[in-house]
$ cat query29.cif   # mmCIF, N, CA and C atoms
data_structure
loop_
_atom_site.label_atom_id
_atom_site.label_comp_id
_atom_site.auth_asym_id
_atom_site.auth_seq_id
_atom_site.Cartn_x
_atom_site.Cartn_y
_atom_site.Cartn_z
N MET A 349 -76.04 -68.42 135.10
CA MET A 349 -76.15 -67.66 136.32
C MET A 349 -74.77 -67.63 136.99
N HIS A 350 -74.44 -66.49 137.54
CA HIS A 350 -73.17 -66.30 138.20
C HIS A 350 -73.42 -65.72 139.59
N THR A 351 -72.75 -66.25 140.58
CA THR A 351 -72.88 -65.73 141.94
C THR A 351 -71.53 -65.20 142.39
N ASP A 352 -71.56 -63.98 142.87
CA ASP A 352 -70.35 -63.34 143.38
C ASP A 352 -70.43 -63.38 144.90
N CYS A 353 -69.43 -63.94 145.56
CA CYS A 353 -69.43 -64.09 147.01
C CYS A 353 -68.19 -63.42 147.57
N ARG A 354 -68.36 -62.58 148.56
CA ARG A 354 -67.25 -61.86 149.20
C ARG A 354 -67.34 -61.98 150.71
N THR A 355 -66.19 -62.04 151.34
CA THR A 355 -66.11 -62.01 152.79
C THR A 355 -65.90 -60.56 153.20
N LEU A 356 -66.82 -60.03 153.99
CA LEU A 356 -66.70 -58.65 154.43
C LEU A 356 -65.87 -58.54 155.71
N THR A 357 -66.05 -59.47 156.63
CA THR A 357 -65.21 -59.53 157.83
C THR A 357 -64.85 -60.99 158.08
N LYS A 358 -63.67 -61.19 158.62
CA LYS A 358 -63.22 -62.55 158.92
C LYS A 358 -63.05 -62.73 160.42
N ILE A 359 -62.94 -63.98 160.81
CA ILE A 359 -62.69 -64.32 162.21
C ILE A 359 -61.19 -64.53 162.39
N ASN A 360 -60.63 -63.87 163.38
CA ASN A 360 -59.23 -64.08 163.71
C ASN A 360 -59.15 -65.32 164.60
N LYS A 361 -58.81 -66.45 163.99
CA LYS A 361 -58.81 -67.72 164.71
C LYS A 361 -57.78 -67.77 165.83
N LYS A 362 -56.76 -66.92 165.77
CA LYS A 362 -55.70 -66.92 166.79
C LYS A 362 -56.07 -66.06 168.00
N SER A 363 -57.14 -65.30 167.88
CA SER A 363 -57.56 -64.42 168.96
C SER A 363 -58.19 -65.21 170.08
N GLN A 364 -58.04 -64.70 171.30
CA GLN A 364 -58.69 -65.36 172.44
C GLN A 364 -60.20 -65.13 172.41
N HIS A 365 -60.66 -64.19 171.59
CA HIS A 365 -62.07 -63.89 171.45
C HIS A 365 -62.66 -64.44 170.15
N ALA A 366 -62.01 -65.42 169.55
CA ALA A 366 -62.45 -65.96 168.26
C ALA A 366 -63.87 -66.53 168.33
N ALA A 367 -64.23 -67.12 169.46
CA ALA A 367 -65.57 -67.71 169.60
C ALA A 367 -66.65 -66.64 169.59
N ASP A 368 -66.31 -65.42 169.94
CA ASP A 368 -67.28 -64.33 170.00
C ASP A 368 -67.40 -63.58 168.67
N GLN A 369 -66.50 -63.83 167.75
CA GLN A 369 -66.49 -63.09 166.49
C GLN A 369 -67.41 -63.75 165.47
N LYS A 370 -67.84 -62.97 164.50
CA LYS A 370 -68.68 -63.47 163.41
C LYS A 370 -68.04 -63.11 162.08
N MET A 371 -68.19 -64.00 161.12
CA MET A 371 -67.74 -63.72 159.76
C MET A 371 -68.97 -63.30 158.96
N VAL A 372 -68.83 -62.22 158.21
CA VAL A 372 -69.94 -61.71 157.40
C VAL A 372 -69.63 -62.00 155.93
N LEU A 373 -70.51 -62.76 155.29
CA LEU A 373 -70.40 -63.08 153.87
C LEU A 373 -71.50 -62.36 153.12
N ALA A 374 -71.15 -61.80 151.97
CA ALA A 374 -72.15 -61.16 151.11
C ALA A 374 -72.15 -61.88 149.78
N THR A 375 -73.33 -62.20 149.28
CA THR A 375 -73.45 -62.83 147.97
C THR A 375 -74.35 -61.97 147.09
N HIS A 376 -74.04 -61.97 145.82
CA HIS A 376 -74.86 -61.25 144.85
C HIS A 376 -75.01 -62.14 143.63
N ARG A 377 -76.25 -62.44 143.30
CA ARG A 377 -76.53 -63.30 142.15
C ARG A 377 -76.68 -62.42 140.91
N VAL A 378 -75.90 -62.72 139.90
CA VAL A 378 -75.96 -61.97 138.65
C VAL A 378 -76.65 -62.87 137.63
N ALA A 379 -77.92 -62.58 137.38
CA ALA A 379 -78.69 -63.37 136.42
C ALA A 379 -79.88 -62.52 135.97
N PRO A 380 -80.35 -62.75 134.77
CA PRO A 380 -81.54 -62.01 134.34
C PRO A 380 -82.76 -62.51 135.12
N THR A 381 -83.28 -61.67 135.98
CA THR A 381 -84.40 -62.07 136.80
C THR A 381 -85.26 -60.86 137.16
N GLN A 382 -86.50 -61.10 137.49
CA GLN A 382 -87.40 -60.04 137.93
C GLN A 382 -87.39 -59.90 139.45
N ASN A 383 -86.74 -60.83 140.13
CA ASN A 383 -86.70 -60.84 141.59
C ASN A 383 -85.67 -59.82 142.08
N PRO A 384 -86.07 -58.85 142.88
CA PRO A 384 -85.10 -57.85 143.36
C PRO A 384 -84.21 -58.36 144.49
N ASN A 385 -84.52 -59.53 145.05
CA ASN A 385 -83.75 -60.07 146.17
C ASN A 385 -82.59 -60.92 145.66
N CYS A 386 -81.61 -60.27 145.06
CA CYS A 386 -80.49 -61.03 144.51
C CYS A 386 -79.23 -60.87 145.35
N SER A 387 -79.30 -60.12 146.44
CA SER A 387 -78.17 -59.96 147.35
C SER A 387 -78.54 -60.50 148.72
N ARG A 388 -77.59 -61.16 149.36
CA ARG A 388 -77.84 -61.73 150.68
C ARG A 388 -76.61 -61.56 151.57
N LEU A 389 -76.83 -61.47 152.87
CA LEU A 389 -75.76 -61.43 153.85
C LEU A 389 -75.89 -62.65 154.75
N TYR A 390 -74.76 -63.25 155.10
CA TYR A 390 -74.74 -64.41 155.98
C TYR A 390 -73.78 -64.13 157.12
N LEU A 391 -74.14 -64.55 158.33
CA LEU A 391 -73.26 -64.50 159.49
C LEU A 391 -72.84 -65.92 159.82
N ARG A 392 -71.56 -66.12 160.00
CA ARG A 392 -71.06 -67.45 160.34
C ARG A 392 -70.18 -67.35 161.56
N GLY A 393 -70.30 -68.33 162.45
CA GLY A 393 -69.49 -68.37 163.65
C GLY A 393 -68.25 -69.22 163.46
N LEU A 394 -67.47 -69.32 164.50
CA LEU A 394 -66.20 -70.06 164.44
C LEU A 394 -66.42 -71.54 164.10
N ASN A 395 -67.46 -72.15 164.66
CA ASN A 395 -67.71 -73.58 164.41
C ASN A 395 -68.04 -73.87 162.96
N SER A 396 -68.66 -72.93 162.26
CA SER A 396 -69.06 -73.19 160.88
C SER A 396 -67.92 -72.98 159.89
N ILE A 397 -66.82 -72.38 160.33
CA ILE A 397 -65.69 -72.20 159.41
C ILE A 397 -64.49 -73.05 159.78
N SER A 398 -64.55 -73.70 160.94
CA SER A 398 -63.43 -74.54 161.38
C SER A 398 -63.53 -75.90 160.72
N ARG A 399 -62.39 -76.44 160.36
CA ARG A 399 -62.34 -77.75 159.71
C ARG A 399 -62.63 -78.84 160.72
N SER A 400 -63.46 -79.80 160.33
CA SER A 400 -63.84 -80.87 161.25
C SER A 400 -63.06 -82.16 161.00
N THR A 401 -62.36 -82.25 159.86
CA THR A 401 -61.59 -83.46 159.55
C THR A 401 -60.11 -83.11 159.44
N PRO A 402 -59.23 -84.05 159.73
CA PRO A 402 -57.80 -83.77 159.59
C PRO A 402 -57.39 -83.68 158.11
N VAL A 403 -56.30 -83.01 157.88
CA VAL A 403 -55.78 -82.88 156.52
C VAL A 403 -55.28 -84.24 156.06
N THR A 404 -55.72 -84.67 154.88
CA THR A 404 -55.32 -85.98 154.36
C THR A 404 -53.94 -85.89 153.71
N SER A 405 -53.34 -87.03 153.48
CA SER A 405 -52.03 -87.06 152.83
C SER A 405 -52.13 -86.55 151.39
N GLU A 406 -53.26 -86.78 150.73
CA GLU A 406 -53.45 -86.28 149.37
C GLU A 406 -53.51 -84.76 149.35
N GLU A 407 -54.21 -84.17 150.32
CA GLU A 407 -54.26 -82.71 150.42
C GLU A 407 -52.88 -82.13 150.70
N THR A 408 -52.12 -82.78 151.55
CA THR A 408 -50.77 -82.33 151.85
C THR A 408 -49.90 -82.39 150.60
N ARG A 409 -50.04 -83.46 149.83
CA ARG A 409 -49.28 -83.60 148.59
C ARG A 409 -49.64 -82.48 147.61
N ILE A 410 -50.92 -82.19 147.47
CA ILE A 410 -51.37 -81.13 146.56
C ILE A 410 -50.87 -79.76 147.02
N ARG A 411 -50.93 -79.50 148.31
CA ARG A 411 -50.44 -78.23 148.86
C ARG A 411 -48.94 -78.08 148.64
N ASN A 412 -48.20 -79.15 148.86
CA ASN A 412 -46.75 -79.10 148.66
C ASN A 412 -46.42 -78.86 147.19
N ARG A 413 -47.17 -79.50 146.29
CA ARG A 413 -46.95 -79.31 144.86
C ARG A 413 -47.21 -77.86 144.48
N PHE A 414 -48.31 -77.31 144.95
CA PHE A 414 -48.65 -75.93 144.64
C PHE A 414 -47.56 -74.98 145.14
N SER A 415 -47.09 -75.18 146.37
CA SER A 415 -46.05 -74.31 146.94
C SER A 415 -44.76 -74.40 146.14
N ALA A 416 -44.38 -75.61 145.76
CA ALA A 416 -43.13 -75.78 145.02
C ALA A 416 -43.23 -75.16 143.63
N VAL A 417 -44.35 -75.36 142.95
CA VAL A 417 -44.52 -74.80 141.60
C VAL A 417 -44.60 -73.28 141.67
N ALA A 418 -45.29 -72.73 142.67
CA ALA A 418 -45.39 -71.28 142.81
C ALA A 418 -44.01 -70.66 143.03
N ALA A 419 -43.19 -71.29 143.87
CA ALA A 419 -41.83 -70.79 144.11
C ALA A 419 -40.98 -70.89 142.85
N ALA A 420 -41.14 -71.97 142.09
CA ALA A 420 -40.37 -72.14 140.85
C ALA A 420 -40.79 -71.11 139.80
N VAL A 421 -42.08 -70.81 139.72
CA VAL A 421 -42.56 -69.80 138.77
C VAL A 421 -42.01 -68.43 139.14
N ALA A 422 -42.03 -68.09 140.42
CA ALA A 422 -41.52 -66.79 140.86
C ALA A 422 -40.02 -66.67 140.56
N ALA A 423 -39.28 -67.74 140.80
CA ALA A 423 -37.84 -67.72 140.52
C ALA A 423 -37.57 -67.64 139.02
N ARG A 424 -38.34 -68.38 138.24
CA ARG A 424 -38.12 -68.38 136.79
C ARG A 424 -38.48 -67.04 136.17
N ALA A 425 -39.49 -66.37 136.69
CA ALA A 425 -39.88 -65.07 136.16
C ALA A 425 -38.79 -64.02 136.38
N LYS A 426 -37.94 -64.23 137.39
CA LYS A 426 -36.87 -63.27 137.69
C LYS A 426 -35.51 -63.71 137.13
N ASP A 427 -35.43 -64.92 136.58
CA ASP A 427 -34.17 -65.45 136.08
C ASP A 427 -33.82 -64.81 134.74
N LEU A 428 -32.81 -63.96 134.73
CA LEU A 428 -32.44 -63.22 133.53
C LEU A 428 -31.92 -64.12 132.42
N MET A 429 -31.43 -65.29 132.75
CA MET A 429 -30.90 -66.21 131.75
C MET A 429 -32.03 -66.88 130.94
N LYS A 430 -33.25 -66.95 131.52
CA LYS A 430 -34.34 -67.66 130.86
C LYS A 430 -35.41 -66.74 130.29
N ILE A 431 -35.40 -65.46 130.64
CA ILE A 431 -36.49 -64.56 130.26
C ILE A 431 -36.67 -64.48 128.74
N SER A 432 -35.59 -64.27 128.01
CA SER A 432 -35.74 -64.09 126.55
C SER A 432 -36.20 -65.38 125.87
N THR A 433 -35.68 -66.53 126.29
CA THR A 433 -36.13 -67.78 125.67
C THR A 433 -37.57 -68.09 126.07
N ASP A 434 -37.94 -67.79 127.31
CA ASP A 434 -39.33 -68.01 127.73
C ASP A 434 -40.28 -67.09 126.96
N GLN A 435 -39.89 -65.85 126.74
CA GLN A 435 -40.74 -64.93 126.00
C GLN A 435 -40.92 -65.38 124.55
N ALA A 436 -39.86 -65.89 123.94
CA ALA A 436 -39.96 -66.38 122.57
C ALA A 436 -40.85 -67.62 122.50
N ALA A 437 -40.68 -68.54 123.45
CA ALA A 437 -41.51 -69.75 123.48
C ALA A 437 -42.97 -69.40 123.76
N PHE A 438 -43.20 -68.42 124.64
CA PHE A 438 -44.57 -67.98 124.93
C PHE A 438 -45.23 -67.40 123.69
N ALA A 439 -44.52 -66.54 122.98
CA ALA A 439 -45.08 -65.91 121.78
C ALA A 439 -45.39 -66.95 120.71
N ALA A 440 -44.56 -67.99 120.62
CA ALA A 440 -44.77 -69.02 119.60
C ALA A 440 -46.01 -69.86 119.88
N GLN A 441 -46.34 -70.09 121.15
CA GLN A 441 -47.48 -70.96 121.48
C GLN A 441 -48.75 -70.19 121.78
N LYS A 442 -48.68 -68.88 121.95
CA LYS A 442 -49.82 -68.09 122.42
C LYS A 442 -51.05 -68.20 121.52
N ASP A 443 -50.87 -68.22 120.22
CA ASP A 443 -52.00 -68.26 119.30
C ASP A 443 -52.39 -69.67 118.87
N ALA A 444 -51.74 -70.67 119.45
CA ALA A 444 -52.08 -72.07 119.17
C ALA A 444 -53.44 -72.38 119.82
N PRO A 445 -54.13 -73.42 119.35
CA PRO A 445 -55.46 -73.74 119.90
C PRO A 445 -55.49 -73.92 121.42
N ASN A 446 -54.51 -74.58 122.00
CA ASN A 446 -54.49 -74.78 123.45
C ASN A 446 -53.39 -73.96 124.11
N GLY A 447 -52.99 -72.89 123.47
CA GLY A 447 -51.91 -72.06 123.98
C GLY A 447 -52.32 -71.26 125.20
N LYS A 448 -51.36 -71.00 126.06
CA LYS A 448 -51.60 -70.19 127.25
C LYS A 448 -51.61 -68.72 126.83
N LYS A 449 -52.56 -67.96 127.34
CA LYS A 449 -52.77 -66.58 126.90
C LYS A 449 -51.98 -65.56 127.70
N THR A 450 -51.46 -65.95 128.88
CA THR A 450 -50.64 -65.05 129.68
C THR A 450 -49.30 -65.70 129.96
N MET A 451 -48.31 -64.84 130.18
CA MET A 451 -46.96 -65.34 130.47
C MET A 451 -46.96 -66.14 131.77
N ARG A 452 -47.69 -65.68 132.77
CA ARG A 452 -47.72 -66.39 134.06
C ARG A 452 -48.33 -67.78 133.89
N ALA A 453 -49.42 -67.90 133.14
CA ALA A 453 -50.03 -69.21 132.90
C ALA A 453 -49.07 -70.12 132.14
N PHE A 454 -48.32 -69.53 131.20
CA PHE A 454 -47.33 -70.31 130.45
C PHE A 454 -46.24 -70.83 131.38
N LEU A 455 -45.73 -69.97 132.26
CA LEU A 455 -44.69 -70.40 133.20
C LEU A 455 -45.22 -71.45 134.16
N TRP A 456 -46.47 -71.30 134.60
CA TRP A 456 -47.07 -72.31 135.48
C TRP A 456 -47.14 -73.65 134.77
N SER A 457 -47.52 -73.65 133.49
CA SER A 457 -47.62 -74.93 132.77
C SER A 457 -46.25 -75.59 132.64
N LEU A 458 -45.21 -74.78 132.39
CA LEU A 458 -43.86 -75.34 132.28
C LEU A 458 -43.37 -75.91 133.61
N GLU A 459 -43.53 -75.13 134.67
CA GLU A 459 -43.03 -75.57 135.97
C GLU A 459 -43.85 -76.72 136.55
N LYS A 460 -45.14 -76.73 136.27
CA LYS A 460 -45.98 -77.84 136.73
C LYS A 460 -45.56 -79.13 136.04
N ALA A 461 -45.30 -79.05 134.74
CA ALA A 461 -44.85 -80.23 134.01
C ALA A 461 -43.49 -80.71 134.51
N ALA A 462 -42.59 -79.75 134.78
CA ALA A 462 -41.27 -80.11 135.30
C ALA A 462 -41.38 -80.76 136.68
N TYR A 463 -42.24 -80.22 137.54
CA TYR A 463 -42.43 -80.79 138.87
C TYR A 463 -43.01 -82.21 138.78
N ASP A 464 -44.02 -82.38 137.93
CA ASP A 464 -44.64 -83.68 137.78
C ASP A 464 -43.67 -84.71 137.20
N GLU A 465 -42.82 -84.26 136.27
CA GLU A 465 -41.81 -85.14 135.69
C GLU A 465 -40.81 -85.59 136.76
N GLU A 466 -40.42 -84.66 137.60
CA GLU A 466 -39.43 -84.95 138.64
C GLU A 466 -39.98 -85.81 139.76
N HIS A 467 -41.28 -85.64 140.06
CA HIS A 467 -41.88 -86.34 141.21
C HIS A 467 -42.85 -87.44 140.80
N GLN A 468 -42.73 -87.95 139.61
CA GLN A 468 -43.64 -89.03 139.21
C GLN A 468 -43.27 -90.31 139.96
N GLY A 469 -44.29 -91.12 140.17
CA GLY A 469 -43.99 -92.38 140.80
C GLY A 469 -44.80 -92.70 141.94
#

$ encode --input "query29.cif" --output "structure tokens"
Amino acid sequence: MHTDCRTLTKINKKSQHAADQKMVLATHRVAPTQNPNCSRLYLRGLNSISRSTPVTSEETRIRNRFSAVAAAVAARAKDLMKISTDQAAFAAQKDAPNGKKTMRAFLWSLEKAAYDEEHQG
């Protein structure tokens, strides 16, 4: 069973009227069923989408890692000195059992490994 969930409208948390706004969520269940009620709409207020706990140091570390790796991938994708070698390395590993199937996924794996190597400890 697969559920597809989309936000139709969001709450502008920076607005002075944020408490009066509602977020509309739509879900659609994709499964073989005889039940015609497979779509639902939900209304959520500001209190139900606001975080109730502070950001932990582990979450901050994960966010910083993601930001750094994303920036490194973007820079590496535009680096003319590395493009041809990266393309050759990507083509060589693509059909391997655990090979990355897209160039972006391949670059993410390289930069993630480099970041982890640099920041281990």

$ atom_distance --input "query29.cif" --atom1 "atom C of A:Asp427" --atom2 "atom C of A:Phe454"
14.2 Å

$ select_by_dssp --input "query29.cif" --residues "stretch 361-409 of chain A" --states "strand (DSSP E)" --output "list in words"
Met371, Val372, Leu373, Ala374, Thr375, His376, Arg377, Val378, Ser387, Arg388, Leu389, Tyr390, Leu391 and Arg392 of chain A

$ closest_residue --input "query29.cif" --among "A:Ser415, A:Thr375, A:Gln435, A:Ser400" --to "A:Ser387" --atoms "all atoms listed in the file"
A:Thr375

$ residues_around --input "query29.cif" --residues "A:Cys386" --least-positions-apart "5" --cutoff "8 Å" --atoms "all atoms listed in the file" --output "list in words"
Thr375, His376, Arg377, Val378 and Ala379 of chain A

$ atom_distance --input "query29.cif" --atom1 "atom CA of A:Gly393" --atom2 "atom CA of A:Cys353"
17.2 Å

$ residues_around --input "query29.cif" --residues "stretch 359-367 of chain A" --least-positions-apart "3" --cutoff "6 Å" --atoms "only N, CA and C atoms" --output "PDB file with N, CA and C atoms, in the frame of the given file"
ATOM      1  N   LYS A 370     -67.840 -62.970 164.500  1.00  0.00           N
ATOM      2  CA  LYS A 370     -68.680 -63.470 163.410  1.00  0.00           C
ATOM      3  C   LYS A 370     -68.040 -63.110 162.080  1.00  0.00           C
ATOM      4  N   MET A 371     -68.190 -64.000 161.120  1.00  0.00           N
ATOM      5  CA  MET A 371     -67.740 -63.720 159.760  1.00  0.00           C
ATOM      6  C   MET A 371     -68.970 -63.300 158.960  1.00  0.00           C
ATOM      7  N   LEU A 394     -67.470 -69.320 164.500  1.00  0.00           N
ATOM      8  CA  LEU A 394     -66.200 -70.060 164.440  1.00  0.00           C
ATOM      9  C   LEU A 394     -66.420 -71.540 164.100  1.00  0.00           C
TER      10      LEU A 394
END

$ atom_distance --input "query29.cif" --atom1 "atom C of A:Arg354" --atom2 "atom C of A:Ala374"
4.9 Å

$ decode --input "query29.cif" --residues "stretch 411-427 of chain A" --atoms "N, CA, C and O atoms" --output "PDB file, in the first residue's frame"
ATOM      1  N   ARG A 411      21.885  18.351  10.209  1.00  0.00           N
ATOM      2  CA  ARG A 411      21.548  19.456   9.305  1.00  0.00           C
ATOM      3  C   ARG A 411      22.804  20.101   8.727  1.00  0.00           C
ATOM      4  O   ARG A 411      22.853  20.430   7.539  1.00  0.00           O
ATOM      5  N   ASN A 412      23.809  20.292   9.572  1.00  0.00           N
ATOM      6  CA  ASN A 412      25.056  20.890   9.099  1.00  0.00           C
ATOM      7  C   ASN A 412      25.747  19.975   8.090  1.00  0.00           C
ATOM      8  O   ASN A 412      26.305  20.445   7.089  1.00  0.00           O
ATOM      9  N   ARG A 413      25.718  18.668   8.347  1.00  0.00           N
ATOM     10  CA  ARG A 413      26.315  17.706   7.421  1.00  0.00           C
ATOM     11  C   ARG A 413      25.605  17.756   6.076  1.00  0.00           C
ATOM     12  O   ARG A 413      26.232  17.795   5.023  1.00  0.00           O
ATOM     13  N   PHE A 414      24.285  17.755   6.102  1.00  0.00           N
ATOM     14  CA  PHE A 414      23.514  17.804   4.861  1.00  0.00           C
ATOM     15  C   PHE A 414      23.834  19.075   4.076  1.00  0.00           C
ATOM     16  O   PHE A 414      24.056  19.024   2.863  1.00  0.00           O
ATOM     17  N   SER A 415      23.875  20.221   4.751  1.00  0.00           N
ATOM     18  CA  SER A 415      24.165  21.493   4.081  1.00  0.00           C
ATOM     19  C   SER A 415      25.551  21.487   3.458  1.00  0.00           C
ATOM     20  O   SER A 415      25.741  21.940   2.322  1.00  0.00           O
ATOM     21  N   ALA A 416      26.528  20.978   4.193  1.00  0.00           N
ATOM     22  CA  ALA A 416      27.899  20.961   3.688  1.00  0.00           C
ATOM     23  C   ALA A 416      28.034  20.024   2.492  1.00  0.00           C
ATOM     24  O   ALA A 416      28.671  20.367   1.489  1.00  0.00           O
ATOM     25  N   VAL A 417      27.429  18.847   2.572  1.00  0.00           N
ATOM     26  CA  VAL A 417      27.517  17.882   1.469  1.00  0.00           C
ATOM     27  C   VAL A 417      26.769  18.410   0.248  1.00  0.00           C
ATOM     28  O   VAL A 417      27.249  18.289  -0.883  1.00  0.00           O
ATOM     29  N   ALA A 418      25.609  19.034   0.451  1.00  0.00           N
ATOM     30  CA  ALA A 418      24.846  19.585  -0.672  1.00  0.00           C
ATOM     31  C   ALA A 418      25.646  20.670  -1.389  1.00  0.00           C
ATOM     32  O   ALA A 418      25.674  20.723  -2.625  1.00  0.00           O
ATOM     33  N   ALA A 419      26.309  21.537  -0.628  1.00  0.00           N
ATOM     34  CA  ALA A 419      27.128  22.589  -1.232  1.00  0.00           C
ATOM     35  C   ALA A 419      28.319  21.986  -1.977  1.00  0.00           C
ATOM     36  O   ALA A 419      28.675  22.439  -3.069  1.00  0.00           O
ATOM     37  N   ALA A 420      28.930  20.943  -1.412  1.00  0.00           N
ATOM     38  CA  ALA A 420      30.071  20.298  -2.060  1.00  0.00           C
ATOM     39  C   ALA A 420      29.646  19.600  -3.354  1.00  0.00           C
ATOM     40  O   ALA A 420      30.369  19.635  -4.349  1.00  0.00           O
ATOM     41  N   VAL A 421      28.469  18.980  -3.359  1.00  0.00           N
ATOM     42  CA  VAL A 421      27.962  18.321  -4.569  1.00  0.00           C
ATOM     43  C   VAL A 421      27.700  19.356  -5.654  1.00  0.00           C
ATOM     44  O   VAL A 421      28.067  19.162  -6.822  1.00  0.00           O
ATOM     45  N   ALA A 422      27.085  20.472  -5.293  1.00  0.00           N
ATOM     46  CA  ALA A 422      26.795  21.523  -6.273  1.00  0.00           C
ATOM     47  C   ALA A 422      28.090  22.083  -6.862  1.00  0.00           C
ATOM     48  O   ALA A 422      28.182  22.311  -8.079  1.00  0.00           O
ATOM     49  N   ALA A 423      29.088  22.288  -6.013  1.00  0.00           N
ATOM     50  CA  ALA A 423      30.366  22.810  -6.496  1.00  0.00           C
ATOM     51  C   ALA A 423      31.081  21.791  -7.376  1.00  0.00           C
ATOM     52  O   ALA A 423      31.643  22.136  -8.419  1.00  0.00           O
ATOM     53  N   ARG A 424      31.040  20.532  -6.972  1.00  0.00           N
ATOM     54  CA  ARG A 424      31.730  19.493  -7.745  1.00  0.00           C
ATOM     55  C   ARG A 424      31.071  19.265  -9.097  1.00  0.00           C
ATOM     56  O   ARG A 424      31.746  18.977 -10.085  1.00  0.00           O
ATOM     57  N   ALA A 425      29.754  19.396  -9.171  1.00  0.00           N
ATOM     58  CA  ALA A 425      29.047  19.211 -10.434  1.00  0.00           C
ATOM     59  C   ALA A 425      29.421  20.291 -11.451  1.00  0.00           C
ATOM     60  O   ALA A 425      29.324  20.070 -12.654  1.00  0.00           O
ATOM     61  N   LYS A 426      29.867  21.452 -10.962  1.00  0.00           N
ATOM     62  CA  LYS A 426      30.242  22.558 -11.853  1.00  0.00           C
ATOM     63  C   LYS A 426      31.752  22.663 -12.065  1.00  0.00           C
ATOM     64  O   LYS A 426      32.190  23.486 -12.868  1.00  0.00           O
ATOM     65  N   ASP A 427      32.539  21.865 -11.351  1.00  0.00           N
ATOM     66  CA  ASP A 427      33.990  21.926 -11.442  1.00  0.00           C
ATOM     67  C   ASP A 427      34.468  21.260 -12.733  1.00  0.00           C
ATOM     68  O   ASP A 427      34.409  20.038 -12.875  1.00  0.00           O
TER      69      ASP A 427
END
